[in-house]
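Encoded as structure tokens, the structure appears first; notes follow it.
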Amino acid sequence: MAEQTANAPGAQRFIPPEADTIDELRAAATGCRGCELYRDASQTVFGRGDESARVVFVGEQPGDMEDQKGLPFVGPAGRLLRRAVDDAGLDPGSIYLTNTVKHFRFSLRGKRRIHQTPDQVHITACRPWLVAEFARLRPEVVVALGATAAKALLGPAFRVTRQ
């Protein structure tokens, strides 16, 4: 059983127990090999923003632009989110943005990288990063941006259409 656990996908073994800050977690995440997604992604895309943020937005996974730049929510979805944050009257400097899965999952169509929804195994593998982020953030409000984020936060049985 211990051997099975050691070979199971998951990021837990990549999270240094002495990491006290988001920056330390971010640095550790660059070496994550908790699932196979790291092989094709350009880099790990960790969360960013105010560590004392009252509001945390959680998305699904990085997109193509996020994977290229190494920052969450810098592509089309990020522009839409920025408008929503502005419309809600939130200070963009006082929020934290992250994703459930930290590597871009895609399929190639010619030279284009087309987004693919992460599987439950990817969500489960990345969950320790999300838990570690929340342990340091302690937000008052968490906004799940989509079904994948909701499943990561509320459990795999969560269905947007039911709940």
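FYI, nothing fancy with the structure tokens labels: chains A, B, ... in order, residues from 1 per chain, ligands from 1 as they appear.
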(request) Would you list the contacts of A:Val74 as a list in words, taking every protein, DNA or RNA residue within 12 Å and counting only C-alpha atoms, but skipping same-chain residues closer than 3 positions in sequence? (result) Val45, Gly47, Arg48, Pro62, Gly63, Asp64, Met65, Glu66, Asp67, Gln68, Lys69, Gly70, Leu71, Ala77, Gly78, Arg79, Leu80, Leu81, Arg82, Leu97 and Thr98 of chain A
(message) Residues within 12 Å of A:Leu130, please, as an MDAnalysis selection string. Count only C-alpha atoms; anything in the same chain fewer than 2 positions from it doesn't count.
(response) chainID A and resid 10:12 15 22 25:26 29 46:47 56:61 97:102 123:128 132:138 149 152:153
Residues of the last selection are to be written out with C-alpha atoms, as a PDB file, in the first residue's frame.
ATOM      1  CA  GLY A  10      -0.271  14.098  -6.459  1.00  0.00           C
ATOM      2  CA  ALA A  11       1.576  17.257  -5.589  1.00  0.00           C
ATOM      3  CA  GLN A  12       1.823  16.692  -1.836  1.00  0.00           C
ATOM      4  CA  ILE A  15       5.155  21.040  -1.119  1.00  0.00           C
ATOM      5  CA  ILE A  22       2.819  32.144  -1.140  1.00  0.00           C
ATOM      6  CA  LEU A  25       4.947  27.812  -2.463  1.00  0.00           C
ATOM      7  CA  ARG A  26       5.183  29.389  -5.918  1.00  0.00           C
ATOM      8  CA  ALA A  29       5.546  24.565  -7.547  1.00  0.00           C
ATOM      9  CA  PHE A  46       0.698  29.476  -9.724  1.00  0.00           C
ATOM     10  CA  GLY A  47      -1.693  31.935  -8.088  1.00  0.00           C
ATOM     11  CA  VAL A  56     -10.045  34.645  -3.826  1.00  0.00           C
ATOM     12  CA  PHE A  57     -11.078  33.694  -7.350  1.00  0.00           C
ATOM     13  CA  VAL A  58     -10.446  30.082  -8.353  1.00  0.00           C
ATOM     14  CA  GLY A  59     -10.503  29.095 -12.014  1.00  0.00           C
ATOM     15  CA  GLU A  60     -10.114  25.795 -13.794  1.00  0.00           C
ATOM     16  CA  GLN A  61      -6.591  25.770 -15.219  1.00  0.00           C
ATOM     17  CA  LEU A  97      -6.305  34.740  -8.417  1.00  0.00           C
ATOM     18  CA  THR A  98      -5.503  31.059  -8.755  1.00  0.00           C
ATOM     19  CA  ASN A  99      -6.467  27.931 -10.626  1.00  0.00           C
ATOM     20  CA  THR A 100      -7.442  24.460  -9.527  1.00  0.00           C
ATOM     21  CA  VAL A 101      -4.902  22.844 -11.874  1.00  0.00           C
ATOM     22  CA  LYS A 102      -1.504  24.511 -12.214  1.00  0.00           C
ATOM     23  CA  ILE A 123      -7.780  18.087 -10.010  1.00  0.00           C
ATOM     24  CA  THR A 124      -6.916  15.591  -7.274  1.00  0.00           C
ATOM     25  CA  ALA A 125      -3.194  15.762  -8.036  1.00  0.00           C
ATOM     26  CA  CYS A 126      -3.158  19.587  -7.789  1.00  0.00           C
ATOM     27  CA  ARG A 127      -5.443  19.834  -4.768  1.00  0.00           C
ATOM     28  CA  PRO A 128      -2.520  19.990  -2.280  1.00  0.00           C
ATOM     29  CA  ALA A 132      -1.585  25.076   0.761  1.00  0.00           C
ATOM     30  CA  GLU A 133      -2.567  28.387  -0.856  1.00  0.00           C
ATOM     31  CA  PHE A 134      -5.747  28.613   1.221  1.00  0.00           C
ATOM     32  CA  ALA A 135      -3.859  27.783   4.427  1.00  0.00           C
ATOM     33  CA  ARG A 136      -1.785  30.926   3.877  1.00  0.00           C
ATOM     34  CA  LEU A 137      -4.522  33.155   2.452  1.00  0.00           C
ATOM     35  CA  ARG A 138      -7.514  32.613   4.748  1.00  0.00           C
ATOM     36  CA  ALA A 149     -13.172  24.888  -9.708  1.00  0.00           C
ATOM     37  CA  ALA A 152     -12.098  21.014  -6.609  1.00  0.00           C
ATOM     38  CA  LEU A 153     -13.492  23.100  -3.749  1.00  0.00           C
TER      39      LEU A 153
END
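Among the candidate residues A:Arg83, A:His103, A:Lys151, A:Arg54, the one lying nearest to A:Asp40 is A:His103, with distances computed using only C-alpha atoms.
The residues of stretch 24-84 of chain A that DSSP classifies as strand (DSSP E), using the backbone of this structure, are Arg48, Gly49, Val55, Val56, Phe57, Val58 and Gly59 of chain A.
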File dump, residues just selected, N, CA, C and O atoms, as a short mmCIF file (atom, residue, chain, number, x, y, z; two decimals), in the first residue's frame:
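Writing the result to part_31.cif gives the following:
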data_model
loop_
_atom_site.label_atom_id
_atom_site.label_comp_id
_atom_site.auth_asym_id
_atom_site.auth_seq_id
_atom_site.Cartn_x
_atom_site.Cartn_y
_atom_site.Cartn_z
N ARG A 48 -1.60 34.33 -7.92
CA ARG A 48 -0.94 35.62 -7.69
C ARG A 48 -1.94 36.58 -7.07
O ARG A 48 -3.15 36.44 -7.22
N GLY A 49 -1.39 37.56 -6.38
CA GLY A 49 -2.23 38.59 -5.79
C GLY A 49 -1.86 38.84 -4.34
O GLY A 49 -0.82 38.40 -3.86
N VAL A 55 -10.93 38.25 -0.87
CA VAL A 55 -11.63 37.54 -1.94
C VAL A 55 -10.61 36.77 -2.79
O VAL A 55 -9.62 37.35 -3.24
N VAL A 56 -10.88 35.49 -2.98
CA VAL A 56 -10.04 34.65 -3.83
C VAL A 56 -10.91 34.09 -4.96
O VAL A 56 -11.99 33.55 -4.71
N PHE A 57 -10.42 34.25 -6.18
CA PHE A 57 -11.08 33.69 -7.35
C PHE A 57 -10.31 32.44 -7.77
O PHE A 57 -9.09 32.49 -7.91
N VAL A 58 -11.05 31.35 -7.97
CA VAL A 58 -10.45 30.08 -8.35
C VAL A 58 -11.00 29.66 -9.71
O VAL A 58 -12.21 29.46 -9.85
N GLY A 59 -10.12 29.55 -10.69
CA GLY A 59 -10.50 29.10 -12.01
C GLY A 59 -10.16 27.63 -12.22
O GLY A 59 -9.74 26.93 -11.29
#
(message) Report, in Å with one decimal, the straight-line distance from atom CA of A:Pro9 to atom CA of A:Cys35.
(response) 5.3 Å
(request) Determine which residues of chain A DSSP labels as helix (DSSP H, G or I) from the backbone of this structure, then write them out as a PyMOL selection string. (result) chain A and resi 2-7+12-14+22-29+36-39+64-69+76-87+92-94+120-137+147-154
